[in-house]
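Here is the file query.cif (mmCIF, C-alpha atoms).
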data_start
#
loop_
_atom_site.label_atom_id
_atom_site.label_comp_id
_atom_site.auth_asym_id
_atom_site.auth_seq_id
_atom_site.Cartn_x
_atom_site.Cartn_y
_atom_site.Cartn_z
CA MET L 1 8.31 2.08 20.75
CA ARG L 2 10.86 2.49 17.96
CA VAL L 3 10.49 3.22 14.25
CA GLN L 4 13.81 3.24 12.40
CA GLY L 5 15.45 3.46 15.80
CA LYS L 6 13.49 6.55 16.85
CA PRO L 7 11.03 6.52 19.80
CA THR L 8 7.57 6.98 18.29
CA ARG L 9 3.94 7.18 19.40
CA THR L 10 0.90 6.45 17.29
CA ILE L 11 -0.77 9.80 17.99
CA THR L 12 0.59 13.26 18.76
CA PRO L 13 -1.47 16.34 19.67
CA VAL L 14 -0.62 19.57 17.84
CA PRO L 15 -2.93 21.99 19.70
CA GLN L 16 -1.19 25.11 18.37
CA ALA L 17 -2.21 23.99 14.87
CA GLY L 18 -5.64 22.78 16.00
CA ALA L 19 -4.78 19.25 14.90
CA ILE L 20 -3.48 15.81 15.81
CA ASP L 21 -0.90 13.75 13.92
CA ILE L 22 -1.51 10.00 13.51
CA ILE L 23 0.29 7.13 11.85
CA ASP L 24 -1.89 6.20 8.86
CA GLN L 25 -2.22 2.49 9.50
CA THR L 26 -3.84 1.82 6.14
CA ALA L 27 -0.48 2.67 4.53
CA LEU L 28 1.41 0.08 6.59
CA PRO L 29 3.47 -2.01 6.16
CA GLN L 30 4.43 -0.61 2.76
CA ALA L 31 4.98 2.92 4.11
CA CYS L 32 5.01 4.69 7.46
CA ARG L 33 3.08 7.89 6.81
CA VAL L 34 2.04 10.57 9.28
CA LEU L 35 -1.38 12.06 8.63
CA ARG L 36 -2.61 15.34 10.13
CA LEU L 37 -6.25 15.50 11.24
CA ASP L 38 -7.65 18.98 11.83
CA SER L 39 -11.42 18.48 12.13
CA LEU L 40 -14.09 16.30 13.66
CA GLU L 41 -14.94 14.97 10.21
CA ALA L 42 -11.34 13.93 9.59
CA VAL L 43 -11.23 12.04 12.88
CA VAL L 44 -14.52 10.28 12.14
CA GLU L 45 -13.19 9.18 8.75
CA ALA L 46 -9.87 8.05 10.24
CA ILE L 47 -11.63 5.79 12.74
CA CYS L 48 -14.15 4.41 10.24
CA SER L 49 -11.50 3.70 7.59
CA MET L 50 -9.13 2.17 10.17
CA GLN L 51 -6.40 4.74 9.62
CA VAL L 52 -6.41 4.47 13.39
CA ARG L 53 -7.45 1.16 14.88
CA GLY L 54 -7.15 -0.82 18.09
CA ALA L 55 -9.62 -0.30 20.92
CA PRO L 56 -7.42 1.85 23.21
CA LEU L 57 -6.16 4.06 20.37
CA ILE L 58 -9.68 4.53 19.01
CA GLY L 59 -10.73 5.84 22.43
CA VAL L 60 -7.82 8.28 22.62
CA THR L 61 -8.38 9.48 19.05
CA ALA L 62 -12.07 10.04 19.72
CA ALA L 63 -11.21 12.12 22.78
CA TYR L 64 -9.03 14.37 20.64
CA GLY L 65 -11.83 14.43 18.07
CA VAL L 66 -14.08 16.07 20.66
CA ALA L 67 -11.38 18.67 21.33
CA LEU L 68 -11.13 19.43 17.61
CA ALA L 69 -14.90 19.75 17.31
CA LEU L 70 -14.99 22.39 20.05
CA THR L 71 -12.18 24.55 18.66
CA SER L 72 -14.44 27.13 17.05
CA ARG L 73 -17.76 26.51 18.81
CA ALA L 74 -18.30 24.80 22.16
CA ASP L 75 -22.00 25.03 22.97
CA ASP L 76 -24.06 22.06 24.15
CA ALA L 77 -25.36 21.23 20.67
CA THR L 78 -21.85 21.07 19.20
CA LEU L 79 -20.57 18.90 22.04
CA LEU L 80 -23.46 16.43 21.78
CA ALA L 81 -23.22 16.29 17.98
CA ALA L 82 -19.51 15.48 18.19
CA ILE L 83 -20.07 12.72 20.73
CA ARG L 84 -22.84 11.20 18.60
CA ALA L 85 -20.78 11.31 15.41
CA LEU L 86 -17.75 9.72 17.03
CA GLY L 87 -19.84 7.18 18.94
CA ALA L 88 -21.33 5.89 15.69
CA THR L 89 -17.96 5.06 14.09
CA ARG L 90 -17.20 1.59 15.53
CA PRO L 91 -19.76 -0.37 17.59
CA THR L 92 -17.70 -3.13 19.20
CA ALA L 93 -14.70 -1.40 20.81
CA VAL L 94 -16.03 -0.16 24.16
CA ASN L 95 -13.00 2.09 24.81
CA LEU L 96 -14.51 4.49 22.28
CA HIS L 97 -17.70 4.95 24.28
CA TRP L 98 -15.79 4.99 27.58
CA ALA L 99 -13.61 7.89 26.38
CA LEU L 100 -16.57 9.83 24.99
CA ALA L 101 -18.53 9.40 28.24
CA ARG L 102 -15.51 10.67 30.16
CA LEU L 103 -15.22 13.76 27.94
CA GLN L 104 -18.92 14.46 28.22
CA ALA L 105 -18.84 14.22 32.02
CA CYS L 106 -15.80 16.50 32.15
CA LEU L 107 -17.04 19.16 29.73
CA THR L 108 -20.80 19.43 30.26
CA PRO L 109 -20.61 21.28 33.61
CA LEU L 110 -18.17 23.84 32.21
CA PRO L 111 -19.20 27.12 30.54
CA PRO L 112 -18.64 26.90 26.75
CA PRO L 113 -15.64 29.31 26.69
CA LEU L 114 -13.67 26.89 28.90
CA ARG L 115 -14.55 23.66 27.13
CA ALA L 116 -12.07 23.57 24.24
CA GLU L 117 -8.98 23.90 26.43
CA ALA L 118 -10.40 21.45 28.95
CA ALA L 119 -11.08 18.94 26.17
CA TRP L 120 -7.46 19.07 24.97
CA LEU L 121 -6.22 18.59 28.53
CA GLU L 122 -8.57 15.67 29.25
CA ALA L 123 -7.73 13.95 25.97
CA GLY L 124 -4.06 14.32 26.83
CA ARG L 125 -4.66 12.77 30.24
CA ILE L 126 -6.43 9.81 28.64
CA ALA L 127 -3.51 9.35 26.25
CA GLU L 128 -0.90 9.42 29.03
CA GLU L 129 -2.97 7.06 31.17
CA ASP L 130 -3.08 4.65 28.23
CA VAL L 131 0.72 4.67 27.98
CA GLN L 132 1.14 3.92 31.67
CA GLN L 133 -1.59 1.28 31.72
CA CYS L 134 -0.01 -0.54 28.79
CA ARG L 135 3.41 -0.36 30.44
CA ARG L 136 1.96 -2.01 33.55
CA ILE L 137 0.20 -4.65 31.44
CA GLY L 138 3.66 -5.45 30.11
CA GLU L 139 5.08 -5.77 33.62
CA HIS L 140 2.32 -8.10 34.81
CA GLY L 141 2.38 -10.18 31.63
CA LEU L 142 6.15 -10.50 31.87
CA GLN L 143 5.74 -12.58 35.02
CA LEU L 144 3.47 -15.00 33.16
CA LEU L 145 5.96 -15.30 30.32
CA ARG L 146 8.82 -16.00 32.72
CA ALA L 147 6.81 -18.95 34.01
CA GLN L 148 6.68 -20.33 30.45
CA LEU L 149 10.45 -20.63 30.21
CA GLY L 150 10.92 -24.36 30.01
CA GLU L 151 13.57 -26.81 28.91
CA ARG L 152 14.19 -25.10 25.58
CA GLY L 153 15.02 -21.83 27.35
CA ARG L 154 13.01 -19.89 24.80
CA ILE L 155 9.39 -18.75 24.77
CA GLU L 156 7.28 -19.33 21.66
CA ILE L 157 4.31 -16.94 21.68
CA MET L 158 1.35 -16.81 19.30
CA THR L 159 -0.67 -13.64 18.81
CA HIS L 160 -3.57 -12.58 16.63
CA CYS L 161 -4.49 -9.35 14.83
CA ASN L 162 -2.49 -6.36 16.08
CA ALA L 163 -2.52 -5.55 19.77
CA GLY L 164 0.88 -3.91 19.83
CA TRP L 165 1.79 -0.25 20.20
CA LEU L 166 0.05 0.53 16.91
CA ALA L 167 -3.26 -0.32 18.62
CA THR L 168 -2.53 1.94 21.59
CA VAL L 169 -0.57 5.13 22.19
CA ASP L 170 2.55 3.15 23.15
CA HIS L 171 3.68 -0.29 24.40
CA GLY L 172 0.53 -2.13 23.31
CA THR L 173 -1.66 -4.64 25.17
CA ALA L 174 -0.97 -8.20 24.00
CA LEU L 175 2.53 -7.25 22.83
CA ALA L 176 3.42 -5.22 25.93
CA PRO L 177 4.61 -8.36 27.79
CA VAL L 178 6.53 -9.39 24.67
CA TYR L 179 8.37 -6.08 24.47
CA ALA L 180 9.01 -6.13 28.24
CA ALA L 181 10.49 -9.63 28.02
CA PHE L 182 12.53 -8.86 24.93
CA ASP L 183 13.94 -5.68 26.45
CA GLN L 184 15.04 -7.71 29.48
CA GLY L 185 16.96 -10.12 27.29
CA ILE L 186 14.58 -13.08 27.45
CA ASP L 187 14.91 -15.35 24.43
CA LEU L 188 11.55 -15.36 22.68
CA HIS L 189 9.92 -15.73 19.29
CA VAL L 190 6.50 -14.52 18.18
CA TRP L 191 4.20 -16.36 15.77
CA VAL L 192 2.10 -13.69 14.04
CA SER L 193 -1.29 -14.58 12.58
CA GLU L 194 -1.91 -12.60 9.38
CA THR L 195 -5.56 -11.95 10.40
CA ARG L 196 -7.60 -11.69 7.24
CA PRO L 197 -9.27 -9.86 5.63
CA ARG L 198 -7.52 -6.66 6.84
CA ASN L 199 -4.23 -8.47 7.52
CA GLN L 200 -3.51 -6.66 10.76
CA GLY L 201 -0.92 -9.33 11.44
CA LEU L 202 1.22 -7.54 8.89
CA LEU L 203 1.18 -4.52 11.21
CA THR L 204 2.30 -6.73 14.09
CA ALA L 205 5.13 -8.14 11.97
CA TRP L 206 6.13 -4.61 10.94
CA GLU L 207 6.32 -3.23 14.48
CA LEU L 208 8.12 -6.33 15.80
CA HIS L 209 10.66 -5.92 13.00
CA GLU L 210 11.14 -2.25 13.86
CA HIS L 211 11.81 -3.17 17.49
CA GLY L 212 14.05 -6.11 16.58
CA VAL L 213 11.85 -8.87 18.02
CA PRO L 214 12.23 -12.30 16.30
CA HIS L 215 8.96 -13.33 14.67
CA THR L 216 7.34 -15.41 11.93
CA LEU L 217 4.17 -14.55 10.02
CA PHE L 218 1.80 -17.44 9.33
CA ALA L 219 -1.54 -17.95 7.58
CA ASP L 220 -4.48 -17.76 9.97
CA ASN L 221 -5.59 -21.31 9.33
CA ALA L 222 -2.20 -22.75 10.33
CA ALA L 223 -2.76 -21.85 13.99
CA GLY L 224 -4.32 -25.18 14.91
CA LEU L 225 -1.43 -27.14 13.40
CA LEU L 226 1.21 -25.03 15.16
CA LEU L 227 -0.54 -25.48 18.49
CA ALA L 228 -1.09 -29.21 18.00
CA ARG L 229 2.59 -29.70 17.15
CA GLY L 230 3.65 -28.25 20.48
CA SER L 231 5.33 -25.30 18.80
CA ILE L 232 3.63 -22.70 21.03
CA ASP L 233 4.08 -22.02 24.76
CA ALA L 234 1.40 -19.36 25.13
CA VAL L 235 -1.19 -17.41 23.13
CA ILE L 236 -1.67 -13.72 23.97
CA VAL L 237 -4.35 -11.57 22.32
CA GLY L 238 -5.91 -8.19 22.96
CA ALA L 239 -9.59 -7.33 23.31
CA ASP L 240 -12.11 -4.83 22.02
CA ARG L 241 -14.60 -5.49 24.81
CA ILE L 242 -14.65 -7.77 27.84
CA ALA L 243 -18.09 -8.49 29.26
CA ALA L 244 -18.78 -8.54 33.01
CA ASN L 245 -18.62 -12.35 33.08
CA GLY L 246 -15.22 -12.47 31.31
CA ASP L 247 -16.37 -13.23 27.74
CA VAL L 248 -14.03 -11.50 25.29
CA ALA L 249 -14.80 -9.82 21.97
CA ASN L 250 -11.73 -9.54 19.75
CA LYS L 251 -10.79 -9.62 16.10
CA ILE L 252 -12.47 -12.37 14.08
CA GLY L 253 -10.54 -15.63 14.36
CA THR L 254 -9.68 -15.22 18.04
CA TYR L 255 -12.30 -17.77 19.11
CA LEU L 256 -10.81 -20.44 16.85
CA LYS L 257 -7.35 -19.91 18.35
CA ALA L 258 -8.80 -20.18 21.84
CA LEU L 259 -10.43 -23.50 20.94
CA ALA L 260 -7.21 -24.83 19.44
CA ALA L 261 -5.18 -23.63 22.44
CA ARG L 262 -7.51 -25.41 24.84
CA ALA L 263 -7.27 -28.64 22.82
CA ALA L 264 -3.46 -28.37 22.90
CA SER L 265 -3.34 -27.46 26.64
CA VAL L 266 -1.66 -24.13 25.83
CA PRO L 267 -2.52 -21.11 28.02
CA PHE L 268 -4.64 -18.47 26.29
CA TYR L 269 -4.21 -14.98 27.75
CA VAL L 270 -6.15 -11.78 27.06
CA ALA L 271 -4.40 -8.44 27.70
CA ALA L 272 -6.50 -5.28 28.04
CA PRO L 273 -6.79 -2.14 30.19
CA GLY L 274 -9.71 -1.49 32.49
CA SER L 275 -11.38 0.76 29.90
CA THR L 276 -11.97 -2.36 27.77
CA ILE L 277 -14.02 -4.06 30.49
CA ASP L 278 -17.73 -3.32 30.14
CA PHE L 279 -19.43 -4.10 33.43
CA ALA L 280 -22.74 -2.92 31.95
CA CYS L 281 -22.54 -5.81 29.44
CA ALA L 282 -23.56 -9.03 31.19
CA ASN L 283 -22.00 -11.50 28.75
CA GLY L 284 -20.68 -11.95 25.24
CA THR L 285 -24.07 -12.39 23.63
CA ASP L 286 -24.81 -8.74 24.44
CA ILE L 287 -21.72 -7.42 22.60
CA PRO L 288 -22.56 -5.85 19.21
CA ILE L 289 -20.51 -7.37 16.38
CA GLU L 290 -19.46 -4.94 13.67
CA GLU L 291 -20.16 -6.02 10.08
CA ARG L 292 -17.69 -4.34 7.76
CA ALA L 293 -17.83 -3.61 4.04
CA ALA L 294 -17.89 -6.58 1.68
CA ASP L 295 -15.14 -5.09 -0.49
CA GLU L 296 -12.64 -5.80 2.29
CA LEU L 297 -12.94 -9.42 1.11
CA ARG L 298 -13.50 -8.75 -2.57
CA LEU L 299 -10.40 -6.57 -2.96
CA LEU L 300 -6.78 -7.13 -1.95
CA GLN L 301 -4.60 -4.19 -0.99
CA GLY L 302 -0.85 -4.20 -1.59
CA CYS L 303 1.88 -2.96 -3.92
CA ASP L 304 2.38 -3.52 -7.63
CA ALA L 305 5.69 -4.51 -9.25
CA ALA L 306 6.84 -0.90 -9.13
CA GLY L 307 6.17 -0.66 -5.40
CA ARG L 308 3.10 1.54 -5.81
CA SER L 309 -0.01 1.05 -3.69
CA ALA L 310 -2.56 -0.97 -5.65
CA GLN L 311 -5.74 -3.00 -5.34
CA LEU L 312 -6.45 -6.40 -6.84
CA ARG L 313 -9.97 -7.75 -7.27
CA GLN L 314 -10.37 -11.37 -6.20
CA LEU L 315 -14.18 -11.53 -6.22
CA ALA L 316 -16.83 -10.06 -8.49
CA ALA L 317 -18.54 -6.93 -7.20
CA GLU L 318 -21.84 -8.79 -6.93
CA ALA L 319 -20.40 -11.79 -5.02
CA ALA L 320 -22.18 -12.41 -1.71
CA VAL L 321 -19.86 -11.78 1.23
CA ALA L 322 -20.13 -11.96 5.02
CA ASN L 323 -17.55 -9.87 6.84
CA PRO L 324 -17.99 -9.87 10.63
CA ALA L 325 -15.07 -7.99 12.18
CA PHE L 326 -15.12 -9.66 15.61
CA ASP L 327 -16.02 -12.84 17.42
CA VAL L 328 -16.57 -13.68 21.09
CA THR L 329 -14.40 -16.09 23.06
CA PRO L 330 -16.20 -17.55 26.09
CA ALA L 331 -14.59 -16.85 29.44
CA SER L 332 -14.17 -20.59 29.98
CA LEU L 333 -11.48 -20.65 27.26
CA VAL L 334 -9.47 -17.73 28.70
CA SER L 335 -6.66 -18.74 31.07
CA ALA L 336 -6.33 -15.24 32.55
CA VAL L 337 -6.91 -11.57 31.89
CA ILE L 338 -3.83 -9.33 32.11
CA SER L 339 -4.71 -5.74 33.01
CA GLU L 340 -2.81 -2.75 34.35
CA ARG L 341 -3.89 -3.79 37.85
CA GLY L 342 -2.67 -7.35 37.65
CA VAL L 343 -3.67 -10.80 36.45
CA CYS L 344 -7.06 -12.29 37.24
CA PRO L 345 -9.37 -15.12 36.16
CA ALA L 346 -11.72 -14.33 33.28
CA SER L 347 -14.76 -14.31 35.54
CA SER L 348 -17.11 -11.84 37.15
CA ASP L 349 -15.44 -12.37 40.54
CA GLY L 350 -11.95 -11.98 39.08
CA LEU L 351 -12.77 -8.76 37.22
CA ARG L 352 -14.66 -7.26 40.17
CA ALA L 353 -11.72 -7.96 42.46
CA LEU L 354 -9.47 -5.79 40.26
CA TYR L 355 -12.05 -3.05 39.62
CA PRO L 356 -14.34 -2.88 42.69
CA GLU L 357 -15.13 0.79 42.07
CA LYS L 358 -16.69 -0.01 38.69
CA THR L 359 -19.23 -2.40 40.17
CA HIS L 360 -19.90 -0.64 43.46
CA GLY L 361 -20.03 2.98 42.37
#

Encoded form using structure tokens:
Amino acid sequence: MRVQGKPTRTITPVPQAGAIDIIDQTALPQACRVLRLDSLEAVVEAICSMQVRGAPLIGVTAAYGVALALTSRADDATLLAAIRALGATRPTAVNLHWALARLQACLTPLPPPLRAEAAWLEAGRIAEEDVQQCRRIGEHGLQLLRAQLGERGRIEIMTHCNAGWLATVDHGTALAPVYAAFDQGIDLHVWVSETRPRNQGLLTAWELHEHGVPHTLFADNAAGLLLARGSIDAVIVGADRIAANGDVANKIGTYLKALAARAASVPFYVAAPGSTIDFACANGTDIPIEERAADELRLLQGCDAAGRSAQLRQLAAEAAVANPAFDVTPASLVSAVISERGVCPASSDGLRALYPEKTHG
């Protein structure tokens, strides 16, 4: 996508320097800053601190983290230690574990001297596959959006959290159909949920602004009112894990939007690549829900009057806080899943039809 008119990706390998460059998403939207990661430890910290975030991008970053870990030593112990360290960073996003399993299967049979180069190549393949998968999600989702063009000749879309190109290598998941429609000249407008406490909606607003897409940021709790008023034609969100039965884990607050969309008879779509579907997870009750640090609620991050990055305390350090990062939307509330292979019902039969090889070996 574009940043200040320049085509940009969220992550860039720099193998000659033994490093990767990422967009530091904790600095957005106040500043767009590129951060160089040159070690396994730096990648682990970047994922944990959400300098990189979004299920697909976490998986790609972890793959490059394995490559960085093997730069100087590539024996079995180093490989397994890297996979364990990266696998412990975020529990809910299944793309992370999918990418690590793929690297492990690729590298384990190889002699140690060949592993580092192979890791860089495999991580690069995962990254390029992500770009193409997200592009195809955009193409399939575009057809759904065209169907929403009604009497007003304009599509009003609601989204939640950030499932744009910042959450992937490029294009995005939930926003891929938005960008595809916008680039084809379809009149549309995006309602962006701020998504507390990390305010990832601000990242969505930032990237939509950079690409020139009309949008409006709104407080999370206004979603029900906007839907009830008939202001929204469709809701599109991403996913961090989709269970085999179609239940969807996504950023906290997604479930409430799905309930409100159902009450307002507005379609609720989930966009995600196949790597987000966990056929080993029977249903949403089996999905681990990450509990994040309490200070994400106690402290506000922003800029002071001089434009400098600053924190503001809104709760005492000893205040009791619950901070679950995700919730689970039952498959019954999902109108359809949009993947790189097409659109299907959020059901075991629908998902199996698109990915038969994942359920039958």

Return as a list in words the set of residues that the PyMOL selection byres ((chain L and resi 176) around 8) yields on the displayed structure.
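Taken over the shown coordinates, the PyMOL selection byres ((chain L and resi 176) around 8) returns Cys134, Arg135, Ile137, Gly138, Glu139, Gly141, Gly164, Trp165, His171, Gly172, Thr173, Ala174, Leu175, Pro177, Val178, Tyr179 and Ala180 of chain L.
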
Give me the result of the PyMOL selection byres ((chain L and resi 248) around 12) on this file, residue by residue, as a VMD selection string.
chain L and resid 92 to 94 237 to 247 249 to 252 254 to 255 258 268 to 272 276 to 278 281 to 289 326 to 337 346 to 347

Report, in Å with one decimal, the straight-line distance from CA of Val14 (chain L) to CA of Ala82 (chain L).
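CA of Val14 (chain L) sits 19.3 Å away from CA of Ala82 (chain L).
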
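Within 9 Å of Ala228 (chain L), once only C-alpha atoms are used and residues closer than 2 positions along the same chain are dropped, the contacting residues are Ala223, Gly224, Leu225, Leu226, Gly230, Ser231, Ile232, Ala260, Ala261, Ala263 and Ala264 of chain L.
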
What lies within 9 Å of region 19-26 of chain L using only C-alpha atoms, ignoring chain neighbours under 3 positions off, as a ChimeraX atom specification?
/L:9-16,29,31-39,46,49-53,61,64-65,68,166,203
